[in-house]
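Enquirer: Take a look at this one; I'll ask things after.
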Amino acid sequence: MGVHTGCVIMSMLLCMSAARAEGACPSPCSCDGGVVECNGRGLITSSMPTSFPSGTTELRLHNNHLTALPTGVLDPLTSLRKISLHGNPWSCDCSILYLRGWLLKQRNDVLMRNVSCSSPHALQGVLVANLVEEDLLSSCRYWFCDLALASQISLVIFIIIQAILLASVIYFLRRFERLSKEARRTTEESIAGGDVSGGNEYTMIKDRGT
Ligand SMILES: *[C@@H]1O[C@H](CO)[C@@H](O)[C@H](O)[C@H]1NC(C)=O
C-alpha cells in the first residue's frame, strides 16, 4: 500500500515536470493552439505568469494592470509572431528596461507605437521604445548597493557595542582596583589597631539588639 502511494506520487511528480517542460497553459490564461490569451485578466507584474508554452505564436497581454514585464519572460518564446501589450499602465523606470530592449529588437513600428508610459508624470505618453537609457538607469536601485549599506550599518553597530563593552570592562577593572586597594588598607588598619576594639563594637551592637 505504501509502495502504491509512492508510485502515485511519483507519477504525479513526473506528470507535473513533463507538463512544465512542454509548457502548460499558465493559470489565469487560456490557450488555443499557439495562441495564449492573458488579456483582460487583471494581471499585475508580480502575479503574471513567468513562463509560457514554448510553442506560443501569439501572446495577448493587453488590457491588464502590467507596469513592466519580468526580465527574460519573452526570451524563450522563439516561435512568437504576435504580441499585444496596449492597455497597460507601463511604468517607465528601471523595471521597464527589459521591455524597452525587447521592443527595440523586434523593429515592429505598429507594436512600438502601442506601448507608452503611464508613469512617472514627466514621461506620460512617451513611447517605451523611445526612452533614453540614461534616464532610466538613474532610477535603478541595485540590490548589492542595499547589501553594502546594510553591512556598513551593522559594522558601525558592532563597533559601538565593542566600544561599550570595552568601556564597561575598563570601568569594572578600575572599580575592582579601588576596592582591592581599600580592602588592603582596611586589613592593614585592623592589623595595626588590633581586633579587640572591633570585637567590642560587635558585642555592643549585639547587646543593644537583645
Ligand atoms: C494597438 O492598440 C490598438 C488599440 O488601442 C489595438 O486595436 C491594436 O491591435 C494594437 N496593435 C498592436 C500591434 O498591438
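By convention here, the chains of the C-alpha cells are called A, B, ... in the order presented, each chain's residues are numbered starting at 1, and ligands are numbered starting at 1 in the order presented.
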Give me, as a list in words, all polymer residues having an atom no more than 9 Å from Ser119 of chain A, counting only C-alpha atoms and skipping those fewer than 4 positions away in the same chain.
Expert: Thr67, Pro89, Trp90, Ser91, Cys92, Asp93, Leu123, Gln124 and Gly125 of chain A
Enquirer: Find the residues near Ala129 of chain A: any atom within 8 Å, counting only C-alpha atoms, skip ones fewer than 2 places away on the same chain, and give them as a PyMOL selection string.
Expert: chain A and resi 100-101+103-104+112+115+127+131
Enquirer: List all protein, DNA and RNA residues that have any atom at most 9 Å from ligand 1, counting only C-alpha atoms and all ligand atoms, and write the list as a count of residues only.
Expert: 16
Enquirer: When DSSP works through the backbone of this structure, what residues of chain A end up as alpha helix (DSSP H), shown as an MDAnalysis selection string?
Expert: chainID A and resid 2:22 97:106 109:112 133:137 143:193 195:209
Enquirer: Go through A:Leu173, A:Leu155, A:Ala167, A:Cys25 one by one, measure the shortest atom-to-atom distance of each to Cys38 of chain A using only C-alpha atoms, and give the residue with the smallest value.
Expert: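 With only C-alpha atoms as the atom set, the closest residue is A:Cys25.
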Enquirer: Taking the backbone alone, and naming residues the way the document does, which bits of segment 47-92 of chain A are strand (DSSP E) by DSSP, as a list in words?
Expert: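 Matching residues, listed in order: Glu58, Leu59, Arg60, Lys82, Ile83, Ser84, Trp90 and Ser91 of chain A.
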Enquirer: Which neighbours of Ser27 of chain A fall inside 12 Å, counting only C-alpha atoms, when residues of the same chain fewer than 5 positions from it are skipped, and could you give them as a ChimeraX atom specification?
Expert: /A:36-38,41,43,47-53
Enquirer: Between atom CA of Ile44 of chain A and atom CA of Cys117 of chain A, what is the spacing in Å?
Expert: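 Separation between atom CA of Cys117 of chain A and atom CA of Ile44 of chain A: 15.5 Å.
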Enquirer: To one decimal place, how far is atom CA of Val35 of chain A from atom CA of Arg81 of chain A in Å?
Expert: 10.0 Å
Enquirer: For atom CA of Asn130 of chain A and atom CA of Ala68 of chain A, determine how far apart the two atoms are, in Å to one decimal place.
Expert: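 So the answer is 15.6 Å.
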